[in-house]
>>> print(open('coords_3.cif').read())   # mmCIF, C-alpha atoms
data_entry
#
loop_
_atom_site.group_PDB
_atom_site.id
_atom_site.type_symbol
_atom_site.label_atom_id
_atom_site.label_comp_id
_atom_site.auth_asym_id
_atom_site.auth_seq_id
_atom_site.Cartn_x
_atom_site.Cartn_y
_atom_site.Cartn_z
ATOM 1 C CA MET A 1 -9.808 -12.662 54.884
ATOM 2 C CA ILE A 2 -7.840 -10.717 52.336
ATOM 3 C CA ARG A 3 -9.420 -12.893 49.650
ATOM 4 C CA ASP A 4 -12.841 -11.849 50.862
ATOM 5 C CA LEU A 5 -11.772 -8.252 50.683
ATOM 6 C CA PHE A 6 -10.677 -8.541 47.078
ATOM 7 C CA SER A 7 -13.706 -10.540 46.190
ATOM 8 C CA SER A 8 -14.800 -11.655 42.768
ATOM 9 C CA THR A 9 -16.810 -8.432 42.513
ATOM 10 C CA LEU A 10 -13.742 -6.652 41.224
ATOM 11 C CA ASP A 11 -13.040 -9.445 38.752
ATOM 12 C CA VAL A 12 -16.588 -9.422 37.443
ATOM 13 C CA LEU A 13 -16.634 -5.643 37.078
ATOM 14 C CA HIS A 14 -13.250 -5.629 35.402
ATOM 15 C CA LYS A 15 -14.380 -8.263 32.930
ATOM 16 C CA THR A 16 -17.670 -6.475 32.327
ATOM 17 C CA LEU A 17 -15.858 -3.281 31.385
ATOM 18 C CA ASP A 18 -13.627 -5.256 29.017
ATOM 19 C CA LEU A 19 -16.498 -7.022 27.305
ATOM 20 C CA ARG A 20 -18.679 -3.917 27.106
ATOM 21 C CA GLN A 21 -15.836 -2.114 25.440
ATOM 22 C CA GLN A 22 -15.470 -4.898 22.885
ATOM 23 C CA ARG A 23 -19.182 -4.751 22.233
ATOM 24 C CA HIS A 24 -18.954 -0.983 21.865
ATOM 25 C CA THR A 25 -16.311 -1.361 19.164
ATOM 26 C CA VAL A 26 -18.413 -3.848 17.229
ATOM 27 C CA LEU A 27 -21.516 -1.615 17.497
ATOM 28 C CA ALA A 28 -19.479 1.405 16.385
ATOM 29 C CA SER A 29 -18.358 -0.636 13.395
ATOM 30 C CA ASN A 30 -21.995 -1.389 12.544
ATOM 31 C CA ILE A 31 -22.867 2.303 12.688
ATOM 32 C CA ALA A 32 -19.811 3.214 10.625
ATOM 33 C CA ASN A 33 -20.904 0.731 7.967
ATOM 34 C CA ALA A 34 -24.585 1.653 8.039
ATOM 35 C CA GLU A 35 -24.369 2.630 4.356
ATOM 36 C CA THR A 36 -21.900 0.029 3.123
ATOM 37 C CA PRO A 37 -23.506 -2.320 0.607
ATOM 38 C CA GLY A 38 -23.597 -5.943 1.701
ATOM 39 C CA PHE A 39 -22.504 -5.232 5.276
ATOM 40 C CA ILE A 40 -23.912 -7.595 7.883
ATOM 41 C CA ALA A 41 -24.582 -6.179 11.348
ATOM 42 C CA LYS A 42 -22.938 -8.042 14.205
ATOM 43 C CA ASP A 43 -23.163 -8.035 17.946
ATOM 44 C CA VAL A 44 -21.215 -9.446 20.886
ATOM 45 C CA ARG A 45 -22.914 -11.711 23.343
ATOM 46 C CA PHE A 46 -21.317 -12.396 26.695
ATOM 47 C CA GLU A 47 -23.938 -12.034 29.420
ATOM 48 C CA GLU A 48 -24.675 -15.774 29.722
ATOM 49 C CA ALA A 49 -21.011 -16.751 29.767
ATOM 50 C CA LEU A 50 -20.233 -14.118 32.389
ATOM 51 C CA ARG A 51 -23.153 -15.147 34.563
ATOM 52 C CA ALA A 52 -22.108 -18.795 34.338
ATOM 53 C CA ALA A 53 -18.556 -17.899 35.369
ATOM 54 C CA ALA A 54 -19.672 -15.630 38.197
ATOM 55 C CA THR A 55 -22.039 -18.209 39.705
ATOM 56 C CA PRO A 56 -20.135 -20.528 42.087
ATOM 57 C CA PRO A 57 -20.537 -24.185 41.154
ATOM 58 C CA PRO A 58 -22.668 -26.336 43.472
ATOM 59 C CA LEU A 59 -20.533 -28.135 46.016
ATOM 60 C CA PRO A 60 -20.324 -31.885 45.575
ATOM 61 C CA SER A 61 -22.223 -33.366 48.501
ATOM 62 C CA ALA A 62 -21.382 -37.059 48.117
ATOM 63 C CA LEU A 63 -17.832 -38.046 48.981
ATOM 64 C CA PRO A 64 -16.429 -34.633 49.764
ATOM 65 C CA LEU A 65 -12.735 -34.689 49.006
ATOM 66 C CA MET A 66 -10.410 -32.736 51.199
ATOM 67 C CA ARG A 67 -7.283 -30.873 50.239
ATOM 68 C CA THR A 68 -4.894 -31.740 53.035
ATOM 69 C CA HIS A 69 -1.956 -29.951 51.547
ATOM 70 C CA PRO A 70 -1.864 -26.516 49.910
ATOM 71 C CA GLU A 71 0.055 -28.016 46.980
ATOM 72 C CA HIS A 72 -2.861 -30.302 46.103
ATOM 73 C CA LEU A 73 -4.732 -29.361 43.011
ATOM 74 C CA PRO A 74 -8.202 -28.077 43.776
ATOM 75 C CA LEU A 75 -10.957 -30.581 43.132
ATOM 76 C CA ILE A 76 -13.066 -28.303 41.008
ATOM 77 C CA HIS A 77 -11.521 -25.628 38.976
ATOM 78 C CA PRO A 78 -13.708 -22.599 39.497
ATOM 79 C CA PRO A 79 -14.695 -21.292 36.064
ATOM 80 C CA SER A 80 -12.390 -18.393 35.652
ATOM 81 C CA ILE A 81 -14.074 -15.057 35.148
ATOM 82 C CA ARG A 82 -10.918 -13.786 33.532
ATOM 83 C CA ASN A 83 -11.237 -16.265 30.687
ATOM 84 C CA VAL A 84 -14.774 -15.314 29.713
ATOM 85 C CA GLN A 85 -14.912 -14.236 26.105
ATOM 86 C CA GLY A 86 -17.683 -12.675 24.125
ATOM 87 C CA THR A 87 -19.045 -14.434 21.070
ATOM 88 C CA LEU A 88 -19.677 -12.642 17.830
ATOM 89 C CA VAL A 89 -23.215 -13.131 16.562
ATOM 90 C CA VAL A 90 -24.983 -11.872 13.488
ATOM 91 C CA THR A 91 -27.751 -9.439 14.376
ATOM 92 C CA PRO A 92 -31.035 -10.794 13.031
ATOM 93 C CA SER A 93 -32.628 -8.399 10.597
ATOM 94 C CA ASP A 94 -35.997 -8.447 8.908
ATOM 95 C CA ASP A 95 -35.588 -5.424 6.669
ATOM 96 C CA VAL A 96 -32.750 -6.004 4.241
ATOM 97 C CA GLY A 97 -32.593 -3.205 1.710
ATOM 98 C CA HIS A 98 -31.634 -3.412 -1.950
ATOM 99 C CA ASP A 99 -27.987 -3.068 -1.033
ATOM 100 C CA LEU A 100 -28.100 -6.183 1.199
ATOM 101 C CA ASN A 101 -27.058 -4.130 4.209
ATOM 102 C CA THR A 102 -28.581 -5.442 7.419
ATOM 103 C CA VAL A 103 -27.730 -2.512 9.717
ATOM 104 C CA SER A 104 -30.736 -0.921 11.374
ATOM 105 C CA ILE A 105 -29.314 2.413 12.464
ATOM 106 C CA ASP A 106 -31.878 3.153 15.192
ATOM 107 C CA GLN A 107 -31.493 -0.307 16.668
ATOM 108 C CA GLU A 108 -27.722 0.047 16.688
ATOM 109 C CA MET A 109 -27.899 3.506 18.268
ATOM 110 C CA ALA A 110 -30.171 2.164 20.994
ATOM 111 C CA LYS A 111 -27.762 -0.689 21.641
ATOM 112 C CA LEU A 112 -24.804 1.660 21.687
ATOM 113 C CA THR A 113 -26.468 3.973 24.195
ATOM 114 C CA THR A 114 -27.559 1.110 26.439
ATOM 115 C CA ASN A 115 -24.100 -0.408 26.274
ATOM 116 C CA THR A 116 -22.470 2.903 27.188
ATOM 117 C CA MET A 117 -24.828 3.342 30.130
ATOM 118 C CA HIS A 118 -24.065 -0.167 31.351
ATOM 119 C CA TYR A 119 -20.367 0.526 30.967
ATOM 120 C CA ASN A 120 -20.612 3.755 32.940
ATOM 121 C CA ALA A 121 -22.676 2.041 35.622
ATOM 122 C CA SER A 122 -20.087 -0.725 35.978
ATOM 123 C CA ALA A 123 -17.303 1.841 36.110
ATOM 124 C CA GLU A 124 -19.193 3.705 38.817
ATOM 125 C CA ILE A 125 -19.671 0.558 40.873
ATOM 126 C CA LEU A 126 -15.999 -0.278 40.438
ATOM 127 C CA SER A 127 -15.100 3.218 41.683
ATOM 128 C CA ARG A 128 -17.249 2.678 44.739
ATOM 129 C CA ALA A 129 -15.760 -0.727 45.359
ATOM 130 C CA PHE A 130 -12.309 0.845 45.415
ATOM 131 C CA ASP A 131 -13.628 3.653 47.580
ATOM 132 C CA GLN A 132 -14.913 1.061 50.026
ATOM 133 C CA LEU A 133 -11.557 -0.725 50.050
ATOM 134 C CA LYS A 134 -9.770 2.522 50.683
ATOM 135 C CA ARG A 135 -12.019 3.346 53.612
ATOM 136 C CA THR A 136 -11.471 -0.125 55.005
ATOM 137 C CA VAL A 137 -7.687 0.032 54.897
ATOM 138 C CA SER A 138 -7.527 3.563 56.265
ATOM 139 C CA GLU A 139 -9.869 2.839 59.187
ATOM 140 C CA THR A 140 -7.163 3.226 61.826
ATOM 141 C CA GLN A 141 -6.374 6.830 61.027
ATOM 142 C CA MET B 1 -9.590 -4.296 21.881
ATOM 143 C CA ASP B 2 -8.692 -0.848 22.995
ATOM 144 C CA MET B 3 -10.829 2.255 23.079
ATOM 145 C CA MET B 4 -8.913 3.736 20.166
ATOM 146 C CA THR B 5 -10.141 1.017 17.815
ATOM 147 C CA GLY B 6 -13.720 2.160 18.272
ATOM 148 C CA LEU B 7 -12.690 5.758 17.675
ATOM 149 C CA GLN B 8 -10.764 4.842 14.522
ATOM 150 C CA VAL B 9 -13.757 2.957 13.170
ATOM 151 C CA SER B 10 -16.043 5.946 13.769
ATOM 152 C CA PHE B 11 -13.499 8.386 12.335
ATOM 153 C CA SER B 12 -13.244 6.342 9.159
ATOM 154 C CA ALA B 13 -17.013 6.653 8.800
ATOM 155 C CA LEU B 14 -16.862 10.438 9.311
ATOM 156 C CA ASN B 15 -14.307 10.630 6.521
ATOM 157 C CA ALA B 16 -16.382 8.460 4.223
ATOM 158 C CA GLN B 17 -19.591 10.384 4.869
ATOM 159 C CA ARG B 18 -17.808 13.686 4.359
ATOM 160 C CA THR B 19 -16.507 12.506 0.980
ATOM 161 C CA ARG B 20 -20.037 11.458 0.115
ATOM 162 C CA MET B 21 -21.312 14.920 1.081
ATOM 163 C CA ASN B 22 -18.667 16.562 -1.105
ATOM 164 C CA VAL B 23 -19.717 14.422 -4.048
ATOM 165 C CA ILE B 24 -23.385 15.259 -3.475
ATOM 166 C CA ALA B 25 -22.515 18.958 -3.258
ATOM 167 C CA SER B 26 -20.606 18.642 -6.518
ATOM 168 C CA ASN B 27 -23.607 16.947 -8.160
ATOM 169 C CA LEU B 28 -25.951 19.677 -6.943
ATOM 170 C CA ALA B 29 -23.613 22.466 -7.964
ATOM 171 C CA ASN B 30 -23.227 21.047 -11.454
ATOM 172 C CA ALA B 31 -26.845 20.097 -12.016
ATOM 173 C CA GLN B 32 -26.951 22.476 -14.990
ATOM 174 C CA SER B 33 -23.341 22.276 -16.224
ATOM 175 C CA THR B 34 -23.296 21.469 -19.913
ATOM 176 C CA ARG B 35 -19.560 21.719 -20.430
ATOM 177 C CA THR B 36 -16.677 19.940 -18.695
ATOM 178 C CA PRO B 37 -12.924 19.756 -19.418
ATOM 179 C CA GLU B 38 -13.485 16.205 -20.725
ATOM 180 C CA GLY B 39 -16.177 17.510 -23.049
ATOM 181 C CA GLY B 40 -19.893 16.921 -22.856
ATOM 182 C CA PRO B 41 -22.133 17.671 -19.887
ATOM 183 C CA TYR B 42 -21.197 16.980 -16.262
ATOM 184 C CA LYS B 43 -21.768 13.393 -15.233
ATOM 185 C CA ARG B 44 -23.424 12.625 -11.926
ATOM 186 C CA GLN B 45 -21.004 10.937 -9.520
ATOM 187 C CA GLU B 46 -21.523 8.387 -6.853
ATOM 188 C CA VAL B 47 -19.336 7.081 -4.027
ATOM 189 C CA ILE B 48 -18.833 3.403 -3.331
ATOM 190 C CA PHE B 49 -18.307 2.439 0.298
ATOM 191 C CA ALA B 50 -16.467 -0.690 1.282
ATOM 192 C CA ALA B 51 -15.928 -2.297 4.683
ATOM 193 C CA GLN B 52 -12.365 -3.088 5.688
ATOM 194 C CA PRO B 53 -11.429 -5.268 8.652
ATOM 195 C CA GLN B 54 -9.802 -3.144 11.315
ATOM 196 C CA ARG B 55 -6.350 -4.204 12.425
ATOM 197 C CA SER B 56 -5.529 -3.222 15.964
ATOM 198 C CA LEU B 57 -2.185 -2.427 17.542
ATOM 199 C CA PHE B 58 -2.793 -5.234 19.979
ATOM 200 C CA GLU B 59 -3.369 -8.068 17.529
ATOM 201 C CA GLY B 60 -2.388 -10.818 19.895
ATOM 202 C CA MET B 61 -4.633 -9.654 22.684
ATOM 203 C CA LEU B 62 -7.739 -9.656 20.569
ATOM 204 C CA ASN B 63 -10.247 -12.380 20.563
ATOM 205 C CA GLU B 64 -9.737 -13.968 17.138
ATOM 206 C CA GLN B 65 -13.425 -14.178 16.506
ATOM 207 C CA LEU B 66 -14.267 -10.642 17.551
ATOM 208 C CA ARG B 67 -11.749 -9.238 15.141
ATOM 209 C CA ASP B 68 -14.027 -10.078 12.217
ATOM 210 C CA GLY B 69 -16.748 -7.963 13.773
ATOM 211 C CA VAL B 70 -14.825 -4.708 13.567
ATOM 212 C CA ASN B 71 -14.686 -3.024 10.182
ATOM 213 C CA THR B 72 -13.743 0.470 9.204
ATOM 214 C CA VAL B 73 -15.388 1.983 6.162
ATOM 215 C CA HIS B 74 -13.565 3.654 3.333
ATOM 216 C CA VAL B 75 -14.457 5.131 -0.038
ATOM 217 C CA LEU B 76 -13.506 2.486 -2.562
ATOM 218 C CA ASP B 77 -14.142 4.621 -5.610
ATOM 219 C CA ILE B 78 -16.064 7.547 -6.988
ATOM 220 C CA VAL B 79 -17.761 6.487 -10.198
ATOM 221 C CA ASN B 80 -19.835 8.164 -12.846
ATOM 222 C CA ASP B 81 -23.518 7.425 -12.859
ATOM 223 C CA ARG B 82 -24.327 4.903 -15.571
ATOM 224 C CA ASN B 83 -27.446 6.737 -16.621
ATOM 225 C CA GLY B 84 -26.906 9.014 -19.556
ATOM 226 C CA THR B 85 -27.885 12.627 -19.946
ATOM 227 C CA ARG B 86 -31.180 14.417 -19.855
ATOM 228 C CA LEU B 87 -32.155 16.061 -23.153
ATOM 229 C CA GLU B 88 -34.116 19.285 -23.157
ATOM 230 C CA TYR B 89 -35.356 21.199 -26.150
ATOM 231 C CA GLU B 90 -33.647 24.598 -26.061
ATOM 232 C CA PRO B 91 -32.721 25.603 -29.612
ATOM 233 C CA ASP B 92 -31.237 28.915 -28.495
ATOM 234 C CA HIS B 93 -28.745 27.335 -26.126
ATOM 235 C CA PRO B 94 -25.116 27.499 -27.353
ATOM 236 C CA ASP B 95 -24.694 23.770 -26.599
ATOM 237 C CA ALA B 96 -27.822 22.674 -28.438
ATOM 238 C CA ASN B 97 -27.348 19.974 -31.064
ATOM 239 C CA GLU B 98 -28.688 20.098 -34.601
ATOM 240 C CA GLN B 99 -32.151 19.067 -33.451
ATOM 241 C CA GLY B 100 -32.170 21.840 -30.843
ATOM 242 C CA TYR B 101 -31.711 19.581 -27.824
ATOM 243 C CA VAL B 102 -29.309 20.349 -24.989
ATOM 244 C CA ALA B 103 -27.750 17.485 -23.028
ATOM 245 C CA TYR B 104 -27.969 18.262 -19.317
ATOM 246 C CA PRO B 105 -26.399 16.197 -16.516
ATOM 247 C CA ASN B 106 -28.633 13.461 -15.226
ATOM 248 C CA VAL B 107 -28.813 15.009 -11.756
ATOM 249 C CA ASN B 108 -32.085 14.697 -9.909
ATOM 250 C CA VAL B 109 -32.015 17.498 -7.334
ATOM 251 C CA MET B 110 -34.636 15.809 -5.151
ATOM 252 C CA ARG B 111 -32.648 12.607 -5.016
ATOM 253 C CA GLU B 112 -29.440 14.466 -4.191
ATOM 254 C CA MET B 113 -31.162 16.262 -1.325
ATOM 255 C CA VAL B 114 -32.434 12.974 0.087
ATOM 256 C CA ASP B 115 -28.911 11.569 -0.199
ATOM 257 C CA LEU B 116 -27.554 14.651 1.530
ATOM 258 C CA ILE B 117 -29.921 14.234 4.469
ATOM 259 C CA SER B 118 -29.046 10.566 4.675
ATOM 260 C CA ALA B 119 -25.320 11.409 4.721
ATOM 261 C CA THR B 120 -25.886 14.065 7.407
ATOM 262 C CA ARG B 121 -27.763 11.619 9.622
ATOM 263 C CA ALA B 122 -25.112 8.946 9.173
ATOM 264 C CA TYR B 123 -22.477 11.529 10.083
ATOM 265 C CA GLU B 124 -24.392 12.496 13.217
ATOM 266 C CA ALA B 125 -24.798 8.863 14.231
ATOM 267 C CA ASN B 126 -21.042 8.423 14.073
ATOM 268 C CA VAL B 127 -20.450 11.610 16.046
ATOM 269 C CA THR B 128 -22.708 10.138 18.726
ATOM 270 C CA ALA B 129 -20.681 6.935 18.665
ATOM 271 C CA ILE B 130 -17.475 8.956 19.076
ATOM 272 C CA ASN B 131 -18.975 10.831 22.020
ATOM 273 C CA SER B 132 -19.936 7.512 23.603
ATOM 274 C CA SER B 133 -16.384 6.221 23.150
ATOM 275 C CA LYS B 134 -15.057 9.396 24.697
ATOM 276 C CA ASP B 135 -17.457 9.189 27.646
ATOM 277 C CA MET B 136 -16.481 5.593 28.275
ATOM 278 C CA ALA B 137 -12.774 6.385 28.128
ATOM 279 C CA LEU B 138 -13.184 9.328 30.502
ATOM 280 C CA ARG B 139 -15.306 7.271 32.865
ATOM 281 C CA ALA B 140 -12.663 4.558 32.901
ATOM 282 C CA LEU B 141 -10.006 7.123 33.764
ATOM 283 C CA GLN B 142 -12.054 8.242 36.757
ATOM 284 C CA ILE B 143 -12.175 4.796 38.324
ATOM 285 C CA GLY B 144 -9.065 5.349 40.413
ATOM 286 C CA ARG B 145 -10.135 8.789 41.543
ATOM 287 C CA VAL B 146 -11.880 8.676 44.886
#
>>> encode(input="coords_3.cif", output="structure tokens")
Amino acid sequence: MIRDLFSSTLDVLHKTLDLRQQRHTVLASNIANAETPGFIAKDVRFEEALRAAATPPPLPSALPLMRTHPEHLPLIHPPSIRNVQGTLVVTPSDDVGHDLNTVSIDQEMAKLTTNTMHYNASAEILSRAFDQLKRTVSETQ
Amino acid sequence: MDMMTGLQVSFSALNAQRTRMNVIASNLANAQSTRTPEGGPYKRQEVIFAAQPQRSLFEGMLNEQLRDGVNTVHVLDIVNDRNGTRLEYEPDHPDANEQGYVAYPNVNVMREMVDLISATRAYEANVTAINSSKDMALRALQIGRV
């Protein structure tokens, strides 16, 4: 029961905040180097990896193996949300100036704003999740 | 990657853009200066920006790959414009040569103004990034508060 209470929601939100923050740093670096000759804009991609880790794997239907002892290793290691890492990708750019800088400042600002909003939304949901937990544990009062 | 890394990156850009603005202001101010301590007319100056990988306090915790994506910017050098001077025929000018031409700095006021606007916008973009970092940090601090 207690595992249901502290469900993977908290893990996912925690990881989301982490990854969004990493992405924020990379986007801030792009904006900082918007005028640096030869700078190549980069981005962090993690949504697919996070979704894959958050989706429970399909249960094996044929020959279901049982764990008859708590010391047995689990049959399928659930993909750990905690180990999800973002990958650094080069932002595709079609307008490379004379200085070979690929930063598109408006695009980066849009990304930064969206990322911040997503971060704040996740933080808000995390707050509410904790709020919910608090209400649950203080029900008897 | 902590929140401070993002702030440091943006601060480095503010510094760099401010230096650029100072250089532009110097170019504009000296657009007509025909004498300098080194002799000859003022020479237009230009800043060179360079990206520098940001090293965090928490090296070990960082994703190796992501580290390459974070670069601060710094002013590598301030160099003289390679273009020479602009000659104008003013025989009465004290700095006129034998032919009556005065060597003026090769400062194009229009170009400097465009550069100035560009520097201002870049500065503002980084201020926005700093505000975003700040908002995110504050929001994170409020998570525990119910």
>>> resolve_selection(input="coords_3.cif", expression="the PyMOL selection byres ((chain A and resi 101-105) around 7)", output="list in words")
Asn30, Ile31, Ala34, Thr36, Pro37, Gly38, Phe39, Ile40, Ala41, Ser93, Val96, Gly97, Asp99, Leu100, Asp106, Gln107, Glu108 and Met109 of chain A
>>> interface_residues(input="coords_3.cif", of="chain A", to="chain B", cutoff="8 Å", atoms="all atoms listed in the file", output="ChimeraX atom specification")
/A:21-22,24-26,28-37,39,42-44,85-88,109,112-113,116,119-120,123-124,126-127,130-131
>>> write_last_selection(input="coords_3.cif", atoms="C-alpha atoms", output="compact mmCIF listing (two decimals), keeping the file's coordinate frame")
# COMPACT_ATOMS: atom_id res chain seq x y z
CA GLN A 21 -15.84 -2.11 25.44
CA GLN A 22 -15.47 -4.90 22.88
CA HIS A 24 -18.95 -0.98 21.86
CA THR A 25 -16.31 -1.36 19.16
CA VAL A 26 -18.41 -3.85 17.23
CA ALA A 28 -19.48 1.40 16.39
CA SER A 29 -18.36 -0.64 13.40
CA ASN A 30 -22.00 -1.39 12.54
CA ILE A 31 -22.87 2.30 12.69
CA ALA A 32 -19.81 3.21 10.62
CA ASN A 33 -20.90 0.73 7.97
CA ALA A 34 -24.58 1.65 8.04
CA GLU A 35 -24.37 2.63 4.36
CA THR A 36 -21.90 0.03 3.12
CA PRO A 37 -23.51 -2.32 0.61
CA PHE A 39 -22.50 -5.23 5.28
CA LYS A 42 -22.94 -8.04 14.20
CA ASP A 43 -23.16 -8.04 17.95
CA VAL A 44 -21.22 -9.45 20.89
CA GLN A 85 -14.91 -14.24 26.10
CA GLY A 86 -17.68 -12.68 24.12
CA THR A 87 -19.05 -14.43 21.07
CA LEU A 88 -19.68 -12.64 17.83
CA MET A 109 -27.90 3.51 18.27
CA LEU A 112 -24.80 1.66 21.69
CA THR A 113 -26.47 3.97 24.20
CA THR A 116 -22.47 2.90 27.19
CA TYR A 119 -20.37 0.53 30.97
CA ASN A 120 -20.61 3.76 32.94
CA ALA A 123 -17.30 1.84 36.11
CA GLU A 124 -19.19 3.70 38.82
CA LEU A 126 -16.00 -0.28 40.44
CA SER A 127 -15.10 3.22 41.68
CA PHE A 130 -12.31 0.84 45.42
CA ASP A 131 -13.63 3.65 47.58
>>> atom_distance(input="coords_3.cif", atom1="atom CA of Lys134 of chain A", atom2="atom CA of Thr9 of chain A")
15.4 Å
>>> atom_distance(input="coords_3.cif", atom1="atom CA of Leu76 of chain B", atom2="atom CA of Pro37 of chain B")
24.1 Å
>>> residues_around(input="coords_3.cif", residues="Leu87 of chain B", least_positions_apart="5", cutoff="9 Å", atoms="all atoms listed in the file", output="list in words")
Tyr101, Val102, Ala103, Tyr104 and Pro105 of chain B
>>> resolve_selection(input="coords_3.cif", expression="the PyMOL selection byres ((chain B and resi 18-29) around 7)", output="MDAnalysis selection string")
chainID B and resid 14:17 30:31 44:47 107 109 112 116 119
>>> resolve_selection(input="coords_3.cif", expression="the PyMOL selection byres ((chain B and resi 41) around 9)", output="list of chain:residue names")
B:Gln32, B:Ser33, B:Thr34, B:Arg35, B:Thr36, B:Glu38, B:Gly39, B:Gly40, B:Tyr42, B:Lys43, B:Thr85, B:Ala103, B:Tyr104, B:Pro105
>>> atom_distance(input="coords_3.cif", atom1="atom CA of Arg55 of chain B", atom2="atom CA of Thr114 of chain A")
26.0 Å
>>> axis_aligned_box(input="coords_3.cif", around="segment 122-128 of chain B", padding_each_side="6 Å", output="lines of an AutoDock Vina configuration file")
center_x = -22.8
center_y = 10.5
center_z = 13.9
size_x = 16.7
size_y = 16.1
size_z = 21.6
>>> residues_around(input="coords_3.cif", residues="Val12 of chain A", least_positions_apart="4", cutoff="12 Å", atoms="all atoms listed in the file", output="MDAnalysis selection string")
chainID A and resid 6:8 16:20 47 49:55 80:84 122:123 125:126 129
>>> build_atoms(input="coords_3.cif", residues="segment 79-85 of chain A", atoms="all heavy atoms", output="tab-separated table (two decimals), keeping the file's coordinate frame")
chain	number	residue	atom	x	y	z
A	79	PRO	N	-14.75	-21.87	37.40
A	79	PRO	CA	-14.70	-21.29	36.06
A	79	PRO	C	-14.15	-19.87	36.17
A	79	PRO	O	-14.65	-19.06	36.93
A	79	PRO	CB	-16.15	-21.30	35.60
A	79	PRO	CG	-16.96	-21.51	36.81
A	79	PRO	CD	-16.10	-22.15	37.85
A	80	SER	N	-13.10	-19.66	35.46
A	80	SER	CA	-12.39	-18.39	35.65
A	80	SER	C	-13.11	-17.26	34.94
A	80	SER	O	-13.40	-17.33	33.75
A	80	SER	CB	-10.98	-18.52	35.11
A	80	SER	OG	-10.34	-17.28	35.20
A	81	ILE	N	-13.41	-16.23	35.72
A	81	ILE	CA	-14.07	-15.06	35.15
A	81	ILE	C	-13.16	-14.38	34.14
A	81	ILE	O	-13.59	-13.87	33.12
A	81	ILE	CB	-14.47	-14.09	36.28
A	81	ILE	CG1	-15.58	-14.72	37.12
A	81	ILE	CG2	-14.92	-12.75	35.75
A	81	ILE	CD1	-15.84	-14.02	38.42
A	82	ARG	N	-11.86	-14.47	34.42
A	82	ARG	CA	-10.92	-13.79	33.53
A	82	ARG	C	-10.92	-14.37	32.13
A	82	ARG	O	-10.53	-13.70	31.18
A	82	ARG	CB	-9.50	-13.89	34.11
A	82	ARG	CG	-9.25	-12.94	35.26
A	82	ARG	CD	-7.95	-13.30	35.96
A	82	ARG	NE	-7.97	-12.81	37.33
A	82	ARG	CZ	-7.57	-11.59	37.67
A	82	ARG	NH1	-7.16	-10.77	36.75
A	82	ARG	NH2	-7.61	-11.21	38.92
A	83	ASN	N	-11.31	-15.64	32.01
A	83	ASN	CA	-11.24	-16.26	30.69
A	83	ASN	C	-12.52	-16.14	29.89
A	83	ASN	O	-12.62	-16.68	28.79
A	83	ASN	CB	-10.89	-17.75	30.83
A	83	ASN	CG	-9.48	-17.93	31.35
A	83	ASN	OD1	-8.66	-17.02	31.21
A	83	ASN	ND2	-9.21	-19.05	31.98
A	84	VAL	N	-13.52	-15.46	30.45
A	84	VAL	CA	-14.77	-15.31	29.71
A	84	VAL	C	-14.53	-14.49	28.46
A	84	VAL	O	-13.85	-13.46	28.50
A	84	VAL	CB	-15.84	-14.62	30.59
A	84	VAL	CG1	-17.08	-14.31	29.78
A	84	VAL	CG2	-16.18	-15.50	31.77
A	85	GLN	N	-15.05	-14.99	27.35
A	85	GLN	CA	-14.91	-14.24	26.10
A	85	GLN	C	-16.28	-14.05	25.47
A	85	GLN	O	-17.14	-14.90	25.60
A	85	GLN	CB	-14.00	-14.98	25.13
A	85	GLN	CG	-12.54	-14.90	25.54
A	85	GLN	CD	-11.63	-15.25	24.40
A	85	GLN	OE1	-11.99	-16.02	23.54
A	85	GLN	NE2	-10.44	-14.67	24.42
